[in-house]
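Here is the file input-v7.cif (mmCIF, C-alpha atoms).
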```cif
data_coords
loop_
_atom_site.label_atom_id
_atom_site.label_comp_id
_atom_site.auth_asym_id
_atom_site.auth_seq_id
_atom_site.Cartn_x
_atom_site.Cartn_y
_atom_site.Cartn_z
CA MET A 9 0.00 0.00 0.00
CA ASN A 10 1.57 3.32 -1.08
CA THR A 11 0.74 6.20 1.22
CA ALA A 12 0.91 9.99 1.04
CA TYR A 13 0.89 12.44 3.96
CA PHE A 14 -0.45 15.99 3.66
CA TYR A 15 -0.07 18.74 6.27
CA LEU A 16 -0.67 22.49 6.52
CA THR A 17 1.05 23.60 9.75
CA ASP A 18 4.51 23.19 11.23
CA GLU A 19 3.15 21.02 14.04
CA GLY A 20 1.31 18.97 11.47
CA GLY A 21 4.57 18.55 9.60
CA LYS A 22 6.29 17.12 12.66
CA LEU A 23 3.48 14.61 13.07
CA ALA A 24 3.61 13.68 9.36
CA HIS A 25 7.31 12.86 9.59
CA LYS A 26 6.74 10.86 12.79
CA LEU A 27 4.01 8.82 11.12
CA ALA A 28 6.06 8.34 7.94
CA THR A 29 9.00 7.01 9.96
CA ALA A 30 6.86 4.12 11.15
CA HIS A 31 4.69 3.82 8.03
CA PRO A 32 6.73 5.09 5.05
CA GLY A 33 5.13 7.34 2.48
CA ASP A 34 5.54 10.54 0.49
CA ILE A 35 5.08 13.82 2.39
CA TYR A 36 3.48 16.97 0.99
CA ASN A 37 3.38 20.41 2.65
CA LYS A 38 1.00 23.29 2.01
CA GLU A 39 2.67 24.31 -1.26
CA ASN A 40 0.26 23.51 -4.13
CA PHE A 41 -1.71 21.66 -1.48
CA LYS A 42 -5.10 21.38 -3.24
CA GLU A 43 -3.60 20.27 -6.53
CA ASN A 44 -1.34 17.70 -4.85
CA LEU A 45 -4.19 16.27 -2.76
CA ARG A 46 -6.45 15.92 -5.80
CA ALA A 47 -3.65 14.26 -7.78
CA GLY A 48 -2.87 12.00 -4.84
CA PHE A 49 -6.45 10.68 -4.82
CA GLY A 50 -5.78 8.82 -8.05
CA LYS A 51 -2.11 8.07 -7.40
CA TYR A 52 -1.95 6.57 -3.90
CA ASP A 53 -3.69 3.71 -2.12
CA SER A 54 -4.06 5.75 1.04
CA LEU A 55 -4.04 9.42 2.00
CA VAL A 56 -3.30 10.68 5.51
CA CYS A 57 -4.37 14.29 5.95
CA ILE A 58 -3.28 16.25 9.02
CA MET A 59 -5.79 19.06 9.05
CA ALA A 60 -9.47 19.83 9.61
CA THR A 61 -11.87 17.20 8.25
CA GLY A 62 -13.93 19.82 6.44
CA ILE A 63 -10.97 20.87 4.29
CA VAL A 64 -10.45 17.31 3.10
CA VAL A 65 -14.15 16.75 2.41
CA ARG A 66 -14.52 19.88 0.31
CA ILE A 67 -11.47 19.09 -1.82
CA LEU A 68 -12.04 15.37 -2.36
CA ALA A 69 -15.84 15.18 -2.57
CA PRO A 70 -15.99 15.73 -6.37
CA LEU A 71 -13.46 12.91 -6.89
CA ILE A 72 -15.27 10.16 -4.99
CA VAL A 73 -16.42 7.29 -7.25
CA HIS A 74 -17.08 4.04 -5.37
CA LYS A 75 -15.92 2.11 -2.32
CA THR A 76 -14.36 -0.52 -4.57
CA SER A 77 -11.97 1.96 -6.17
CA ASP A 78 -11.54 4.99 -3.90
CA PRO A 79 -8.37 5.17 -1.79
CA ALA A 80 -8.36 5.05 1.98
CA VAL A 81 -8.54 8.52 3.50
CA VAL A 82 -7.62 9.13 7.14
CA VAL A 83 -7.72 12.55 8.82
CA LEU A 84 -5.77 13.53 11.96
CA ASP A 85 -5.64 16.69 13.99
CA GLN A 86 -2.16 18.19 14.25
CA LYS A 87 -1.63 16.83 17.76
CA GLY A 88 -2.57 13.32 16.70
CA LYS A 89 -5.32 12.97 19.29
CA HIS A 90 -7.82 11.58 16.79
CA ALA A 91 -7.32 9.51 13.62
CA ILE A 92 -10.57 9.53 11.67
CA SER A 93 -11.35 6.87 9.08
CA LEU A 94 -13.04 9.13 6.55
CA LEU A 95 -13.31 7.14 3.32
CA SER A 96 -13.04 3.48 2.21
CA GLY A 97 -12.97 2.10 5.72
CA HIS A 98 -13.25 -1.56 4.76
CA LEU A 99 -12.14 -2.29 1.19
CA GLY A 100 -9.70 0.62 1.09
CA GLY A 101 -8.35 -0.23 4.53
CA ALA A 102 -8.95 3.18 6.13
CA ASN A 103 -10.22 1.65 9.37
CA ASP A 104 -7.05 -0.36 9.88
CA LEU A 105 -4.92 2.58 8.78
CA ALA A 106 -6.67 4.88 11.28
CA ARG A 107 -5.95 2.39 14.05
CA GLU A 108 -2.31 2.21 12.97
CA MET A 109 -1.94 6.00 12.82
CA ALA A 110 -3.53 6.34 16.26
CA SER A 111 -1.17 3.77 17.73
CA ILE A 112 1.81 5.72 16.36
CA SER A 113 0.56 9.16 17.41
CA GLY A 114 -0.69 7.98 20.79
CA GLY A 115 -4.21 9.08 19.95
CA GLU A 116 -7.55 7.37 19.36
CA ALA A 117 -8.94 5.89 16.16
CA VAL A 118 -12.39 7.13 15.19
CA ILE A 119 -14.28 4.37 13.38
CA THR A 120 -17.91 4.85 12.36
CA THR A 121 -18.73 1.85 10.13
CA ALA A 122 -21.72 0.05 11.62
CA THR A 123 -20.34 -3.49 11.64
CA ASP A 124 -17.17 -2.38 13.42
CA VAL A 125 -19.08 -0.38 16.01
CA ALA A 126 -21.45 -3.30 16.60
CA GLY A 127 -18.63 -5.86 16.64
CA GLU A 128 -20.15 -7.82 13.75
CA LEU A 129 -18.34 -9.55 10.90
CA SER A 130 -17.87 -7.36 7.85
CA PHE A 131 -17.65 -9.47 4.71
CA ASP A 132 -15.90 -6.75 2.69
CA THR A 133 -13.13 -6.58 5.28
CA PHE A 134 -13.14 -10.37 5.34
CA ALA A 135 -12.78 -10.49 1.54
CA LYS A 136 -9.91 -8.02 1.58
CA LYS A 137 -8.07 -9.96 4.28
CA TYR A 138 -8.27 -13.25 2.39
CA ASP A 139 -7.69 -11.81 -1.09
CA MET A 140 -11.19 -12.41 -2.44
CA ALA A 141 -12.92 -10.37 -5.10
CA ILE A 142 -16.49 -9.30 -4.43
CA GLU A 143 -18.51 -10.05 -7.53
CA ASN A 144 -21.70 -8.18 -6.60
CA ILE A 145 -20.85 -5.47 -4.07
CA GLY A 146 -24.45 -4.21 -4.12
CA GLN A 147 -25.59 -7.26 -2.17
CA LEU A 148 -23.16 -6.54 0.66
CA LYS A 149 -25.55 -4.17 2.41
CA HIS A 150 -28.16 -6.93 2.72
CA ILE A 151 -25.67 -9.30 4.33
CA SER A 152 -24.35 -6.66 6.72
CA GLY A 153 -27.88 -5.48 7.46
CA ALA A 154 -28.94 -8.99 8.42
CA LEU A 155 -26.01 -9.42 10.81
CA LEU A 156 -26.62 -6.00 12.36
CA ALA A 157 -30.26 -6.95 12.88
CA GLY A 158 -29.21 -10.11 14.65
CA LYS A 159 -30.30 -12.37 11.80
CA LYS A 160 -28.45 -15.44 10.61
CA VAL A 161 -26.47 -15.73 7.34
CA ASN A 162 -25.77 -18.98 5.47
CA VAL A 163 -22.27 -19.47 4.01
CA PHE A 164 -21.74 -21.96 1.19
CA THR A 165 -18.21 -23.09 0.39
CA ASN A 166 -16.24 -26.24 -0.30
CA LYS A 167 -13.21 -24.86 1.45
CA ASN A 168 -12.27 -25.90 4.97
CA ALA A 169 -13.85 -22.75 6.32
CA LYS A 170 -13.29 -23.41 10.02
CA GLU A 171 -9.54 -23.82 9.53
CA LEU A 172 -8.98 -21.27 6.79
CA TYR A 173 -11.26 -18.55 8.14
CA PRO A 174 -11.28 -18.34 11.97
CA GLU A 175 -13.77 -15.47 11.82
CA LEU A 176 -16.40 -17.74 10.29
CA ALA A 177 -15.81 -20.42 12.90
CA GLU A 178 -16.27 -17.81 15.62
CA GLU A 179 -19.46 -16.47 14.06
CA GLN A 180 -20.78 -20.02 13.79
CA LYS A 181 -20.14 -20.53 17.49
CA ARG A 182 -22.08 -17.35 18.18
CA GLY A 183 -24.95 -18.70 16.11
CA MET A 184 -24.76 -15.86 13.57
CA ILE A 185 -23.86 -18.00 10.55
CA ASP A 186 -24.23 -21.57 9.37
CA ILE A 187 -21.59 -23.08 7.08
CA PHE A 188 -22.59 -25.56 4.36
CA SER A 189 -20.77 -27.30 1.54
CA LEU A 190 -21.73 -26.55 -2.03
CA SER A 191 -22.58 -30.21 -2.53
CA ASP A 192 -25.17 -29.86 0.25
CA PHE A 193 -26.75 -27.02 -1.67
CA PHE A 194 -27.04 -29.01 -4.90
CA LYS A 195 -28.39 -32.08 -3.20
CA ILE A 196 -30.90 -30.26 -1.05
CA TYR A 197 -32.13 -27.59 -3.44
CA ILE A 198 -32.18 -29.52 -6.68
CA ARG A 199 -32.35 -33.17 -5.75
CA ASN A 200 -34.07 -33.34 -2.36
CA LYS A 201 -36.49 -30.47 -2.86
CA ASN A 202 -37.70 -31.70 -6.24
CA ASN A 203 -37.25 -35.43 -5.50
CA THR A 204 -34.92 -35.62 -8.47
CA LYS A 205 -33.12 -38.84 -9.40
CA THR A 206 -29.34 -38.73 -9.64
CA GLU A 207 -29.30 -39.15 -13.42
CA ASP A 208 -31.93 -36.41 -13.81
CA LEU A 209 -29.93 -34.15 -11.51
CA ASN A 210 -26.84 -34.67 -13.64
CA ALA A 211 -28.76 -33.97 -16.85
CA ASN A 212 -30.23 -30.83 -15.30
CA LEU A 213 -26.82 -29.54 -14.25
CA ARG A 214 -25.26 -30.36 -17.63
CA SER A 215 -28.07 -28.58 -19.45
CA LYS A 216 -27.39 -25.48 -17.37
CA ASN A 217 -23.68 -25.86 -18.14
CA ILE A 218 -22.98 -26.16 -14.41
CA ILE A 219 -21.08 -29.44 -14.36
CA THR A 220 -17.48 -28.76 -15.34
CA SER A 221 -14.13 -29.92 -14.04
CA HIS A 222 -14.29 -27.38 -11.22
CA ILE A 223 -17.90 -28.15 -10.32
CA GLU A 224 -17.25 -31.88 -10.22
CA THR A 225 -15.26 -31.26 -7.05
CA TYR A 226 -18.61 -30.66 -5.35
CA ASN A 227 -18.96 -34.46 -4.98
CA ILE A 228 -21.96 -34.71 -7.30
CA ALA A 229 -22.31 -38.03 -9.13
CA VAL A 230 -21.79 -37.43 -12.83
CA THR A 231 -22.17 -41.01 -13.98
CA ASP A 232 -25.05 -43.27 -14.93
CA ASP A 233 -23.32 -46.32 -13.47
CA LYS A 234 -25.67 -47.50 -10.71
CA ASN A 235 -22.82 -49.38 -9.01
CA VAL A 236 -20.94 -46.16 -8.33
CA LYS A 237 -21.31 -45.00 -4.75
CA THR A 238 -22.43 -41.42 -4.36
CA THR A 239 -22.15 -39.05 -1.45
CA PRO A 240 -25.20 -39.05 0.84
CA ILE A 241 -27.76 -36.34 0.14
CA MET A 242 -26.94 -34.56 3.40
CA SER A 243 -24.47 -34.85 6.20
CA PRO A 244 -26.14 -35.58 9.57
CA SER A 245 -25.39 -32.05 10.77
CA THR A 246 -27.08 -30.32 7.85
CA ASN A 247 -30.23 -28.43 8.82
CA ILE A 248 -32.53 -28.19 5.79
CA ASP A 249 -34.64 -25.48 7.39
CA ASN A 250 -31.64 -23.18 7.45
CA ILE A 251 -31.10 -23.58 3.72
CA VAL A 252 -34.57 -23.43 2.21
CA SER A 253 -35.62 -20.24 3.94
CA ASP A 254 -35.01 -16.66 2.85
CA ILE A 255 -31.86 -16.40 4.96
CA PRO A 256 -29.16 -14.28 3.23
CA ILE A 257 -26.44 -16.30 1.53
CA VAL A 258 -22.70 -15.82 1.08
CA VAL A 259 -20.94 -18.02 -1.48
CA ILE A 260 -17.17 -18.44 -1.22
CA ASP A 261 -15.99 -20.16 -4.37
CA GLU A 262 -13.96 -19.55 -7.52
CA GLY A 263 -16.89 -20.03 -9.86
CA PHE A 264 -20.07 -21.51 -8.43
CA SER A 265 -23.19 -19.40 -8.98
CA LEU A 266 -26.58 -20.06 -7.42
CA ASN A 267 -28.18 -18.06 -10.21
CA GLU A 268 -27.77 -21.14 -12.39
CA CYS A 269 -30.39 -22.92 -10.30
CA SER A 270 -34.03 -21.92 -10.65
CA THR A 271 -34.89 -23.45 -7.28
CA ILE A 272 -33.03 -20.86 -5.21
CA PRO A 273 -35.39 -18.75 -3.07
CA SER A 274 -35.81 -15.49 -4.97
CA SER A 275 -36.10 -13.52 -1.73
CA ALA A 276 -32.66 -14.54 -0.46
CA PRO A 277 -29.91 -11.98 -1.14
CA ILE A 278 -26.71 -13.67 -2.34
CA LEU A 279 -23.17 -12.29 -2.04
CA TYR A 280 -20.44 -13.93 -4.13
CA LEU A 281 -16.85 -13.86 -2.88
CA ARG A 282 -14.30 -15.10 -5.42
CA PRO A 283 -11.01 -16.26 -3.87
CA ARG A 284 -8.15 -15.17 -6.11
CA THR A 285 -6.44 -18.54 -6.41
CA ILE A 286 -6.30 -19.24 -10.16
CA CYS A 287 -3.08 -18.69 -12.08
CA ALA A 288 -3.32 -18.68 -15.86
CA GLY A 289 -0.35 -19.59 -18.01
CA ILE A 290 -0.32 -18.18 -21.54
CA GLY A 291 1.76 -19.01 -24.56
CA CYS A 292 1.26 -17.49 -28.01
CA LYS A 293 2.77 -16.83 -31.39
CA ARG A 294 4.69 -13.63 -31.84
CA ASN A 295 2.61 -10.42 -32.05
CA MET A 296 -0.76 -12.00 -31.20
CA GLU A 297 -3.39 -9.36 -30.55
CA GLN A 298 -4.99 -8.88 -27.15
CA LYS A 299 -8.56 -9.72 -28.16
CA PRO A 300 -8.04 -13.38 -29.18
CA ILE A 301 -5.77 -13.98 -26.17
CA GLU A 302 -8.30 -12.56 -23.74
CA GLU A 303 -11.18 -14.40 -25.41
CA ALA A 304 -9.25 -17.68 -25.22
CA LEU A 305 -8.53 -17.16 -21.53
CA LEU A 306 -12.14 -16.28 -20.70
CA GLN A 307 -13.39 -19.28 -22.67
CA THR A 308 -11.06 -21.63 -20.79
CA LEU A 309 -12.16 -20.20 -17.45
CA LYS A 310 -15.78 -20.66 -18.45
CA GLU A 311 -15.21 -24.27 -19.47
CA GLU A 312 -13.68 -24.95 -16.06
CA GLY A 313 -16.54 -23.25 -14.21
CA LEU A 314 -14.30 -20.44 -12.97
CA HIS A 315 -15.19 -16.76 -12.67
CA PRO A 316 -12.70 -14.27 -14.16
CA LEU A 317 -12.52 -12.54 -10.76
CA SER A 318 -10.90 -15.70 -9.36
CA LEU A 319 -7.77 -14.97 -11.42
CA LYS A 320 -4.76 -14.22 -9.26
CA CYS A 321 -2.25 -13.67 -12.04
CA ILE A 322 -1.24 -14.39 -15.62
CA ALA A 323 2.13 -16.02 -16.20
CA THR A 324 4.40 -16.55 -19.18
CA ILE A 325 8.07 -17.03 -20.08
CA PRO A 326 10.70 -14.27 -20.48
CA LEU A 327 10.60 -14.66 -24.27
CA LYS A 328 6.96 -13.52 -24.19
CA SER A 329 7.34 -10.81 -21.57
CA ASP A 330 7.04 -8.07 -24.19
CA GLU A 331 3.98 -9.48 -25.95
CA LEU A 332 1.49 -6.60 -25.96
CA GLY A 333 -1.44 -9.00 -26.27
CA ILE A 334 -0.51 -10.76 -23.03
CA ILE A 335 0.37 -7.52 -21.27
CA GLY A 336 -2.94 -5.97 -22.34
CA THR A 337 -4.94 -8.99 -21.23
CA ALA A 338 -3.42 -8.86 -17.75
CA ALA A 339 -4.05 -5.13 -17.52
CA ASN A 340 -7.65 -5.40 -18.72
CA LEU A 341 -8.42 -8.18 -16.24
CA ASN A 342 -6.63 -6.22 -13.52
CA VAL A 343 -4.20 -8.98 -12.54
CA PRO A 344 -0.40 -8.92 -12.37
CA LEU A 345 1.74 -10.49 -15.08
CA LYS A 346 4.35 -12.89 -13.73
CA ILE A 347 7.38 -13.81 -15.77
CA ILE A 348 8.55 -17.33 -14.92
CA PRO A 349 12.32 -17.81 -15.33
CA THR A 350 13.20 -20.45 -17.92
CA GLU A 351 15.55 -22.21 -15.50
CA LYS A 352 12.65 -22.88 -13.11
CA ILE A 353 10.71 -24.58 -15.89
CA GLU A 354 13.76 -26.62 -16.86
CA LYS A 355 14.00 -27.97 -13.30
CA LEU A 356 10.45 -29.36 -13.39
CA ASP A 357 9.92 -33.09 -13.76
CA ILE A 358 7.59 -32.74 -16.72
CA SER A 359 7.02 -36.48 -17.07
CA GLN A 360 5.96 -36.81 -13.44
CA LEU A 361 3.52 -33.93 -13.79
CA GLY A 362 1.97 -35.69 -16.77
CA ILE A 363 1.45 -32.52 -18.80
CA ALA A 364 1.48 -32.15 -22.56
CA THR A 365 4.78 -31.19 -24.14
CA SER A 366 5.89 -30.07 -27.57
CA GLU A 367 9.24 -30.48 -29.28
CA PHE A 368 8.31 -27.65 -31.62
CA VAL A 369 7.64 -25.36 -28.66
CA ALA A 370 10.97 -26.45 -27.17
CA SER A 371 12.76 -25.57 -30.40
CA GLN A 372 11.21 -22.09 -30.35
CA THR A 373 11.29 -21.29 -26.64
CA GLY A 374 13.85 -23.62 -25.10
CA VAL A 375 11.30 -25.33 -22.82
CA LEU A 376 8.95 -28.28 -23.38
CA SER A 377 5.97 -26.51 -21.79
CA VAL A 378 5.03 -22.85 -21.63
CA SER A 379 1.44 -22.29 -20.53
CA THR A 380 1.04 -25.25 -18.15
CA ALA A 381 4.50 -24.99 -16.62
CA CYS A 382 4.04 -21.26 -16.08
CA SER A 383 0.61 -21.61 -14.49
CA TYR A 384 1.84 -24.43 -12.26
CA LEU A 385 4.89 -22.52 -11.02
CA ALA A 386 2.94 -19.27 -10.62
CA SER A 387 0.49 -21.12 -8.37
CA GLY A 388 3.30 -22.25 -6.10
CA LYS A 389 3.16 -25.77 -7.57
CA GLY A 390 -0.51 -26.06 -6.75
CA GLU A 391 -3.15 -28.08 -8.59
CA ILE A 392 -3.21 -28.15 -12.39
CA LEU A 393 -6.86 -27.65 -13.32
CA ARG A 394 -6.40 -27.49 -17.09
CA ASP A 395 -3.41 -28.62 -19.09
CA LYS A 396 -2.84 -26.46 -22.12
CA ALA A 397 -5.98 -25.64 -24.06
CA LYS A 398 -5.09 -24.98 -27.69
CA TYR A 399 -6.48 -22.10 -29.69
CA LYS A 400 -5.25 -20.62 -32.94
CA GLY A 401 -1.74 -19.47 -32.09
CA ILE A 402 -2.53 -19.45 -28.35
CA THR A 403 -2.30 -21.90 -25.46
CA ILE A 404 -3.96 -21.43 -22.07
CA ALA A 405 -3.46 -23.43 -18.88
CA LEU A 406 -4.96 -23.01 -15.40
CA SER A 407 -3.60 -23.97 -11.98
CA LYS A 408 -4.95 -23.35 -8.51
CA GLU A 409 -2.96 -22.27 -5.49
CA LYS A 410 -2.78 -24.63 -2.54
CA SER A 411 -5.18 -23.73 0.27
#
```

Take the structure I supplied and represent it as structure tokens, if you would.
Amino acid sequence: MNTAYFYLTDEGGKLAHKLATAHPGDIYNKENFKENLRAGFGKYDSLVCIMATGIVVRILAPLIVHKTSDPAVVVLDQKGKHAISLLSGHLGGANDLAREMASISGGEAVITTATDVAGELSFDTFAKKYDMAIENIGQLKHISGALLAGKKVNVFTNKNAKELYPELAEEQKRGMIDIFSLSDFFKIYIRNKNNTKTEDLNANLRSKNIITSHIETYNIAVTDDKNVKTTPIMSPSTNIDNIVSDIPIVVIDEGFSLNECSTIPSSAPILYLRPRTICAGIGCKRNMEQKPIEEALLQTLKEEGLHPLSLKCIATIPLKSDELGIIGTAANLNVPLKIIPTEKIEKLDISQLGIATSEFVASQTGVLSVSTACSYLASGKGEILRDKAKYKGITIALSKEKS
């Protein structure tokens, strides 16, 4: 997080330098103050203003766009008695920054966001902490509103929520949320509610293009072989009443969408959190344009049942580091581009990984695999979800980080 400090008085300047010593950032004095503050709004992740709150509000008000994009803004008095979280408290991190500034100055953080004041879980702060994208931020207010009103929220995820997310385990103990697997949702909503046979369930999911490689991890039987054992409809701890009501829902998954299922209660607000765990490896011919590369990537994600917001990065080899089509795709999808050193690929045991190789690719690039090897290494040697998918002049591979 890059930070800028702004001050107007000598005493404010002393405080700015004290804060910047502990939390480094650029420091601006009163010279060209308004212009610098306005420019800083689009340049920095966080702004710390040591001055009256009203001054900051009047200058920055015309620049405010949305909580998902605005920087954190914290305001302190020149003695550092109060650090006010003024803008982007959760997603921007202003609440945490205000607490940090107060701890340095010896003052008090002023936090006004309702969930923090009430001591309730805030799912936007939760998403930021665990590097999740919020697909539909407009639904957040319904989830927060329910928690503030003392109402329960249902969380659907196939991740080991209690171990990965201590906050959820604590909220479950308090009785504020229930945690269910995504397979429970399918079985209860589609199969149990409609008394659907397994083969009919599978046909229904295929027709809606729900069953993909990613979705098959939800433990749904995707075979007509009657001798194959399937997972029970529900685990003994599952409470159907909690699922089929109008209780607000939070989905934590890289691609699953309840909108695909017509049986979901229409009155239940649904918030989708997309963990950024998917690393895409890309290989291409020289001078490929951005559009076909991006379309190929999006198509591969779709085939695997993955939302584009679940992308953590795009990776390629040094030889392709200057390809404008790859660079543009990463920029347009707002993910970093990682360049995987050739020597790291050469050290991989390609045969053990069981991935597709190409002697022609090796003759052109010096390595037997580009897209798959890059995605695998970028994911920290996680799980290969899709070996290279071939398009005209383009290869795409997907790997998922280890939990």

Any chance you could work out the residue set of the PyMOL selection byres ((chain A and resi 308) around 12) here, as a PyMOL selection string? chain A and resi 220-222+286+288-290+301-307+309-316+319+393-399+402-407

Could you spell out the hits of the PyMOL selection byres ((chain A and resi 141) around 10) on the shown file, as number ranges by chain? A: 76, 132, 135-136, 138-140, 142-145, 260, 262, 280-284, 316-320

Skipping near chain neighbours, those fewer than 4 positions away, what residues fall within 12 Å of Gln372 (chain A) using all atoms listed in the file, listed as a ChimeraX atom specification? /A:291-294,325,327-328,366-368,376-378

Output C-alpha atoms of each residue in that selection to a file, as a PDB file, in the frame of the given file.
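Saved as out-v5.pdb:
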```
ATOM      1  CA  GLY A 291       1.760 -19.010 -24.560  1.00  0.00           C
ATOM      2  CA  CYS A 292       1.260 -17.490 -28.010  1.00  0.00           C
ATOM      3  CA  LYS A 293       2.770 -16.830 -31.390  1.00  0.00           C
ATOM      4  CA  ARG A 294       4.690 -13.630 -31.840  1.00  0.00           C
ATOM      5  CA  ILE A 325       8.070 -17.030 -20.080  1.00  0.00           C
ATOM      6  CA  LEU A 327      10.600 -14.660 -24.270  1.00  0.00           C
ATOM      7  CA  LYS A 328       6.960 -13.520 -24.190  1.00  0.00           C
ATOM      8  CA  SER A 366       5.890 -30.070 -27.570  1.00  0.00           C
ATOM      9  CA  GLU A 367       9.240 -30.480 -29.280  1.00  0.00           C
ATOM     10  CA  PHE A 368       8.310 -27.650 -31.620  1.00  0.00           C
ATOM     11  CA  LEU A 376       8.950 -28.280 -23.380  1.00  0.00           C
ATOM     12  CA  SER A 377       5.970 -26.510 -21.790  1.00  0.00           C
ATOM     13  CA  VAL A 378       5.030 -22.850 -21.630  1.00  0.00           C
TER      14      VAL A 378
END
```

On this structure, which residues satisfy the PyMOL selection byres ((chain A and resi 26-36) around 9), written as a list in words? Asn10, Thr11, Ala12, Tyr13, Phe14, Tyr15, Leu16, Gly21, Lys22, Leu23, Ala24, His25, Asn37, Lys38, Glu39, Asn40, Phe41, Asn44, Leu45, Glu108, Met109, Ile112 and Ser113 of chain A

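One distance worth recording is that between CA of Leu155 (chain A) and CA of Lys167 (chain A), which is 22.1 Å.
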
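For the pair CA of Lys408 (chain A) and CA of Tyr384 (chain A), the interatomic distance is 7.8 Å.
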
Students should find that CA of Ser383 (chain A) and CA of Val343 (chain A) are spaced 13.7 Å

Would you pick out the contacts of Gln180 (chain A) at 12 Å or less, using all atoms listed in the file, so that residues sharing its chain but fewer than 5 positions from it are not included, and give the list as a PyMOL selection string? chain A and resi 129+160-163+169-170+173-175+185-188

Write out as a VMD selection string each polymer residue whose atoms come within 12 Å of His98 (chain A), counting all atoms listed in the file; drop sequence neighbours fewer than 3 positions from it. chain A and resid 75 to 81 93 to 95 101 to 106 119 to 124 129 to 137 148

Excluding same-chain residues fewer than 5 positions from Ala338 (chain A), what lies within 8 Å of it counting all atoms listed in the file, as a PDB file with C-alpha atoms, in the coordinates of the input?
```pdb
ATOM      1  CA  CYS A 321      -2.250 -13.670 -12.040  1.00  0.00           C
ATOM      2  CA  ILE A 322      -1.240 -14.390 -15.620  1.00  0.00           C
ATOM      3  CA  VAL A 343      -4.200  -8.980 -12.540  1.00  0.00           C
ATOM      4  CA  PRO A 344      -0.400  -8.920 -12.370  1.00  0.00           C
ATOM      5  CA  LEU A 345       1.740 -10.490 -15.080  1.00  0.00           C
TER       6      LEU A 345
END
```

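Ranking A:Ile151, A:Phe264, A:Gly183, A:Gln86 by their shortest atom-to-atom distance to Thr165 (chain A), with only C-alpha atoms included, puts A:Phe264 first.
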
Out of A:Ile72, A:Ala157, A:Ala386, A:Met184, which residue has the shortest atom-to-atom distance to Ala126 (chain A) when counting only C-alpha atoms? A:Ala157

From the options A:Lys355, A:Lys299, A:Lys400, A:Arg182, which residue's atoms come nearest to Lys159 (chain A), counting all atoms listed in the file? A:Arg182

Which neighbours of Leu71 (chain A) fall inside 10 Å, counting only C-alpha atoms, when residues of the same chain fewer than 2 positions from it are skipped, and could you give them as an NGL selection string? :A and (46-47 or 49-50 or 67-69 or 73-74 or 78)

Within 9 Å of (-8.5, 18.0, 8.7), in the coordinates the file gives, what residues turn up when you count all atoms listed in the file, written out as a PyMOL selection string? chain A and resi 15+57-65+83-86
